[in-house]
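Written below as structure tokens is the structure these notes are about.
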Amino acid sequence: MRYLPLTPKDRTDMLKAAGVKSVDEFYTMVPAAAKLPKLIDLPLHQGEIEVERALTRMAAKNHPAGSGPFFLGAGCYNHHIPATVDHLIQRSEFLTSYTPYQPEISQGTLTAIFEFQTMIANLTGMDIANASMYDGATATAEAALMARRITGRANIHIHGQLHPQYREVIETYIQSYEGVAVKNSAPDENAACFIVQTPDFYGEPQKLDALRKQCTDSGALLIIVINEILSLGLLPPPVEADIVCGEAQSIGVPMSFGGPHLGFFACKQDYLRQMPGRLCGETVDKDGRRSFVLTLSTREQHIRREKATSNICTNQGLFALAFTIHMSLLGEIGFKKLARLNHEKACALADRLAKVKKIKLPNKTFFNEFVVELPMNAAETVKKLTAQGIIAGLPLEGGKLLVAATEMTTESDINTLAEVLENMCAVAGVKEVA
Amino acid sequence: MSLADRDRGLNIEENLLFEKGANGACGVDLPEPKNSALRTGFEPRQKVGLPEVSEPQVIRHFVRLSKLNYAIDHGLYPLGSCTMKHNPRLNEKVARHPGFAQIHPLQPEGTIQGALEVIYTVQQWLAKLSGLPHVTLNPAAGAHGEFAGIMVIHRAHEKKGKVRKTVLIPDSAHGTNPATAAACGYQTQTIPSTKDGTVDVDAFKNMLNDNVAALMLTNPNTCGLFEPRVKEIADVLHKAGAYFYCDGANFNALVGRVRPVDFGVDVMHFNLHKTFSTPHGGGGPGSGPIAVTEELAPYLPVPKIVKHGDHYHLVSEDKDSIGRLKGFNGQFGMAVRALAYMLSHGADGLKQVAEDAVLNANYILSQLRELYHVPFSGTCMHECLLTDKIQKAQGVTTMDVAKTLIEYGIHPMTTYFPLVVQGAMLIEPTETETKASLDHFIAVMKMIAEKAAAGESAALQNNPVSSPRKRLDEVRAARHPVLKWTNQGT
């Protein structure tokens with residue numbers, strides 16, 4: 001077996017050195033009932049050729065974004081990843097290292113985390129950011145729990161259109177607590193937080209000043225959720241927030257069927273000690289040289305156990321690195337340019353679809369994603385378009401379809417979608433919407 | 001940085017990218033925007049605060065940073081309970097196939113049949129290896145799997161009409177166990193260990209009552225020992241109407257050789273980034289699938305995958321389910337990697353993995369037991385536990401041993417964990433080490449013990465001196481937190 005270096009002679013010599021006759025002697029504590037008489041009923045080992053063939057066969061059954069027009073978003077976006085990013089994250093020193101608990105020999109990872117934290121803080125306009133969370137949905141749930149700890153209040157209030165899966169995850173996280181309600185209303189005196197997604201699930205960027213005032217008046221924390229982090233290259237930073245969290249998959253992380261993605265978490269300095277997750281801080285070594293180290297771990301499970309701020313241990317290290325590399329390549333100029341390009345692609349898509357008879361575009365504003373109202377059922381339409389090699393977007397209720405455009409969207413993709421929709425709309429009657 | 005503080009030979013000193021100056025450079029070439037009227041409802045964003053550097057600068061920066069890291073591909077990484085084994089590159093290659101990497105989680109079902117087949121196949125392998133028939137890959141990491149498992153148990157009690165309030169956890173457990181129980185709304189009670197390093201079964205029996213929802217037990221435990229009375233523990237637990245949650249962090253000792261269902265487990269999590277070789281990536285991503293009994297299957301999180309004939313379906317609504325754990329479908333990319341690993345090893349190879357992992361740990365234990373205090377007698381499973389009891393009397397602590405290993409080019413073992421012994425050194429070599437690599441580690445450990453015995457504690461306390469950094473002032477980092485770079489200087 002190619003991954004196992006011990007030779008039969010090594011095994012014999014080592015068993016002898018350990019003072020046993022066979023490896024069975026190490027398993028004497030295993031109850032008789034748990035001793036297997038034979039191998040588990042699974043296939044035997046295979047070479048690299050066979051394994052690669054088996055997995056390539058499975059991959060070939062899927063329809064990747066690059067193989068045709070593609071307009072799906074809804075919290076996971078099809079962006080370009082520069083070749084540099086994947087090359088660098090595959091370096092052994094990053095790929096095959098553990099959590100940097102030994103800082104003397106982990107300054108590479110730690111420095112990159114410090115840069116990641118700086119980027120997230122600067123993007124969001126917050127004072128501090130952590131070293132990443134599992135994804136946007138779990139980051140949002142953790143933010144809600146953090147607001148409950150800070151305010152000592154029970155309820156979680158949501159404004160407008162939060163990604164439905166994010167809401168479901170919040171419900172999962174709080175289901176064992178008594179007396180917690182998740183409400184779609186303005187915050188009151190029992191509200192721990194007010195969660196606002198921007199752009200919201202339907203793509204509308206939100207004005208935050210009035211929402212900030214509602215929070216200040218009621219004493220709830222304002223949690224801003226962003227699941228298209230690229231929007232921060234064009235929209236203003238949500239400085240009104242107490243906590244900003246969400247999904248950073250758009251920068252450097254492949255869609256990969258929904259994971260691993262990259263949750264981020266930032267907040268005001270005042271709330272530092274209630275933050276979940278790992279934090280990297282600056283210090284000096286014995287010689288006074290600047291160094292980085294995981295810090296404030298008295299919040300975390302391995303020190304505080306049942307009193308920890310969260311049970312989270314692992315973060316998304318490698319993809320926080322991918323983000324940091326991609327964001328370094330983009331930089332101040334490229335990031336804003338990419339955001340603008342995305343917006344312009346979405347404008348081009350909107351302009352073209354607006355020319356299709358019977359189609360309505362209800363969004364007043366958008367970044368790179370918006371709702372299309374079709375004169376026929378959206379789910380059925382998506383099915384028909386899929387058969388023609390077009391991944392058209394996410395069907396919502398009735399004739400509503402959520403579509404996104406990115407820098408990957410071409411003029412020809414847009415025309416293809418519009419032309420097929422033109423034909424379908426032309427024959428569509430009003431009854432077909434439901 | 002003055003010249004005196006710059007590189008020497010291949011020893012790197014690297015500033016932050018933010019400090020490389022804002023000179024208008026950019027590492028990507030994008031088409032020029034038309035700068036037409038915005039439809040966002042806002043003025044365009046002004047300053048963000050990002051570096052301005054070209055592609056060669058970015059590559060050089062991160063390659064230079066990488067050289068400051070230790071990694072498995074560099075040498076032995078014997079972190080106990082972390083299973084730092086070789087990460088096959090075939091896994092990486094297949095995960096990057098566009099058919100896996102460039103698919104969206106909300107694509108129509110007909111366009112993702114291969115992805116669902118991957119998840120379904122990994123579920124089947126984990127079910128066979130654990131003996132527990134129902135598996136979900138939704139949890140994002142081990143601790144997230146614990147959360148899912150304890151919530152499943154919570155829901156099962158709820159369905160039976162009695163919400164129980166307590167979870168029992170041995171004092172040797174990982175910190176995530178009590179943190180998870182608390183996150184699920186439970187009070188925790190700590191079961192003491194015996195002087196043999198295993199669960200005190202009498203104490204456990206005394207703590208058991210009809211308010212106990214579950215036991216969270218790591219087996220083999222964090223002392224590196226298989227719990228000898230685990231079946232008896234499971235039986236009395238079940239008789240009391242409670243469930244057995246097994247923390248599968250140490251599954252590498254058992255994989256392919258012992259099935260947890262056979263010693264009474266109801267729910268367990270797997271760490272794909274430990275047992276099944278997906279990379280640790282400097283701290284993540286992990287992946288923490290759970291497996292459960294037939295009885296608990298209805299409560300598993302959504303989405304669930306159902307197979308009808310040759311077609312796979314994603315089921316996102318299920319009335320008994322604990323609900324959704326994270327966005328979309330778990331850490332799918334890690335499942336692809338784990339499947340490549342499972343298919344490569346097969347049933348025979350995985351059994352050999354467990355046996356070689358256990359043999360390697362016992363070989364180290366046998367060679368070091370004369371020089372270091374071994375708190376628990378007998379053989380061990382896939383990790384061995386030593387303490388600094390002998391060396392401490394000579395002025396050398398576990399911390400000094402760890403930092404001296406760094407000086408001699410080896411990553412330290414897990415230190416000061418488990419908490420049940422003082423000055424713990426938990427050593428897990430894994431199965432992917434050569435005998436020569438183990439012999440080198442043993443030789444360095446012997447030398448450290450000899451130096452300590454010879455009164456050279458001062459030198460050991462000063463280690464490391466050859467690494468990129470010497471010991472850090474961790475107190476300063478926590479007292480005066482500096483968590484980001486600012487252009488006023490950090």
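We name chains A, B, ... following the order of the structure tokens; residues begin at 1 in each chain, and ligands are numbered from 1 as shown.
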Which parts of range 238-428 of chain A does DSSP call helix (DSSP H, G or I) when run on the backbone here, written out as a PyMOL selection string?
-> chain A and resi 256-258+269-274+297-299+301-307+317-354+378-387+411-427
Could you take the residues named above and write them with C-alpha atoms, as a short mmCIF file (atom, residue, chain, number, x, y, z; two decimals), in the first residue's frame?
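So part19.cif came out as:
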```
data_model
loop_
_atom_site.label_atom_id
_atom_site.label_comp_id
_atom_site.auth_asym_id
_atom_site.auth_seq_id
_atom_site.Cartn_x
_atom_site.Cartn_y
_atom_site.Cartn_z
CA SER A 256 -17.36 23.07 -4.53
CA PHE A 257 -21.03 22.10 -4.17
CA GLY A 258 -21.41 24.27 -1.09
CA GLN A 269 -13.53 46.28 19.96
CA ASP A 270 -15.92 46.35 22.96
CA TYR A 271 -17.14 42.85 22.19
CA LEU A 272 -13.71 41.25 21.79
CA ARG A 273 -13.97 38.91 24.76
CA GLN A 274 -17.33 37.50 23.67
CA SER A 297 -7.76 31.60 24.01
CA THR A 298 -9.39 31.90 27.43
CA ARG A 299 -12.59 32.37 25.37
CA GLN A 301 -13.20 25.42 24.40
CA HIS A 302 -9.76 23.88 24.99
CA ILE A 303 -9.23 26.22 27.95
CA ARG A 304 -12.72 27.15 29.14
CA ARG A 305 -14.50 23.89 28.34
CA GLU A 306 -18.24 24.23 29.18
CA LYS A 307 -17.86 28.00 29.78
CA GLY A 317 -7.60 27.99 7.69
CA LEU A 318 -6.60 26.96 4.20
CA PHE A 319 -9.42 28.93 2.59
CA ALA A 320 -8.78 31.98 4.75
CA LEU A 321 -5.30 31.75 3.21
CA ALA A 322 -6.78 31.40 -0.30
CA PHE A 323 -8.87 34.53 0.38
CA THR A 324 -5.83 36.42 1.63
CA ILE A 325 -3.79 35.51 -1.45
CA HIS A 326 -6.58 36.37 -3.89
CA MET A 327 -7.30 39.61 -2.06
CA SER A 328 -3.58 40.49 -2.15
CA LEU A 329 -3.55 39.98 -5.92
CA LEU A 330 -6.65 42.14 -6.34
CA GLY A 331 -5.52 44.76 -3.87
CA GLU A 332 -7.06 48.20 -3.42
CA ILE A 333 -7.42 48.75 -7.17
CA GLY A 334 -8.39 45.29 -8.42
CA PHE A 335 -10.95 44.61 -5.70
CA LYS A 336 -12.94 47.75 -6.43
CA LYS A 337 -12.61 47.17 -10.16
CA LEU A 338 -13.87 43.60 -9.87
CA ALA A 339 -16.85 44.76 -7.81
CA ARG A 340 -17.68 47.37 -10.44
CA LEU A 341 -17.37 44.82 -13.25
CA ASN A 342 -19.78 42.52 -11.44
CA HIS A 343 -22.27 45.33 -11.07
CA GLU A 344 -21.93 46.26 -14.75
CA LYS A 345 -22.48 42.64 -15.82
CA ALA A 346 -25.62 42.56 -13.69
CA CYS A 347 -26.76 45.86 -15.25
CA ALA A 348 -26.20 44.40 -18.73
CA LEU A 349 -28.20 41.31 -17.77
CA ALA A 350 -31.01 43.47 -16.36
CA ASP A 351 -31.07 45.70 -19.44
CA ARG A 352 -31.27 42.75 -21.80
CA LEU A 353 -33.97 40.93 -19.77
CA ALA A 354 -35.98 44.16 -19.51
CA ALA A 378 -39.92 29.67 -12.43
CA ALA A 379 -39.15 26.12 -11.25
CA GLU A 380 -40.53 24.66 -14.50
CA THR A 381 -38.63 27.25 -16.50
CA VAL A 382 -35.35 26.36 -14.77
CA LYS A 383 -35.96 22.70 -15.61
CA LYS A 384 -36.53 23.47 -19.27
CA LEU A 385 -33.49 25.75 -19.46
CA THR A 386 -31.33 23.11 -17.77
CA ALA A 387 -32.22 20.71 -20.57
CA GLU A 411 -22.48 38.88 -23.41
CA SER A 412 -23.23 35.68 -25.28
CA ASP A 413 -24.41 33.97 -22.05
CA ILE A 414 -26.77 36.88 -21.46
CA ASN A 415 -28.11 36.79 -25.01
CA THR A 416 -28.60 33.04 -24.91
CA LEU A 417 -30.67 33.25 -21.73
CA ALA A 418 -32.69 36.21 -22.99
CA GLU A 419 -33.44 34.61 -26.36
CA VAL A 420 -34.63 31.34 -24.82
CA LEU A 421 -36.77 33.27 -22.34
CA GLU A 422 -38.20 35.40 -25.16
CA ASN A 423 -39.47 32.26 -26.87
CA MET A 424 -40.88 30.83 -23.65
CA CYS A 425 -42.53 34.09 -22.58
CA ALA A 426 -44.11 34.58 -25.98
CA VAL A 427 -46.21 31.46 -25.55
#
```
Can you check which parts of range 385-419 of chain B lie within 12 Å of range 184-198 of chain B? Per residue, the shortest pair of atoms and distance in Å to one decimal, counting only C-alpha atoms, sorted by chain and number, as JSON lines.
```
{"residue": "B:Leu385", "atom": "CA", "partner": "B:Gly197", "partner_atom": "CA", "distance": 10.1}
{"residue": "B:Pro418", "atom": "CA", "partner": "B:Gly197", "partner_atom": "CA", "distance": 10.1}
{"residue": "B:Leu419", "atom": "CA", "partner": "B:Ser193", "partner_atom": "CA", "distance": 10.7}
```
Neighbour list for range 203-209 of chain A as an MDAnalysis selection string, cut-off 6 Å, only C-alpha atoms, skip fewer than 3 positions in-chain | chainID A and resid 198:200 212 365:366 369:370
Judged by only C-alpha atoms, the minimum distance to Ala147 in chain A among A:Gly66, A:Leu234, A:Pro276, A:Glu228 is found for A:Pro276
Neighbour list for range 290-307 of chain B as JSON, numbers by chain, cut-off 7 Å, only C-alpha atoms, skip fewer than 6 positions in-chain | {"B": [120, 127, 132, 133, 134, 135, 136, 137, 145, 149, 152, 155, 156, 266, 267, 268, 269, 270, 313, 314, 315, 316, 317, 320, 321, 322, 323, 324, 325, 329]}
Got a sec: who's within 10 Å of Lys446 in chain B, counting only C-alpha atoms, leaving out chain neighbours fewer than 5 positions off, as an MDAnalysis selection string?
-> chainID B and resid 367:368 370:372 440:441 451:452
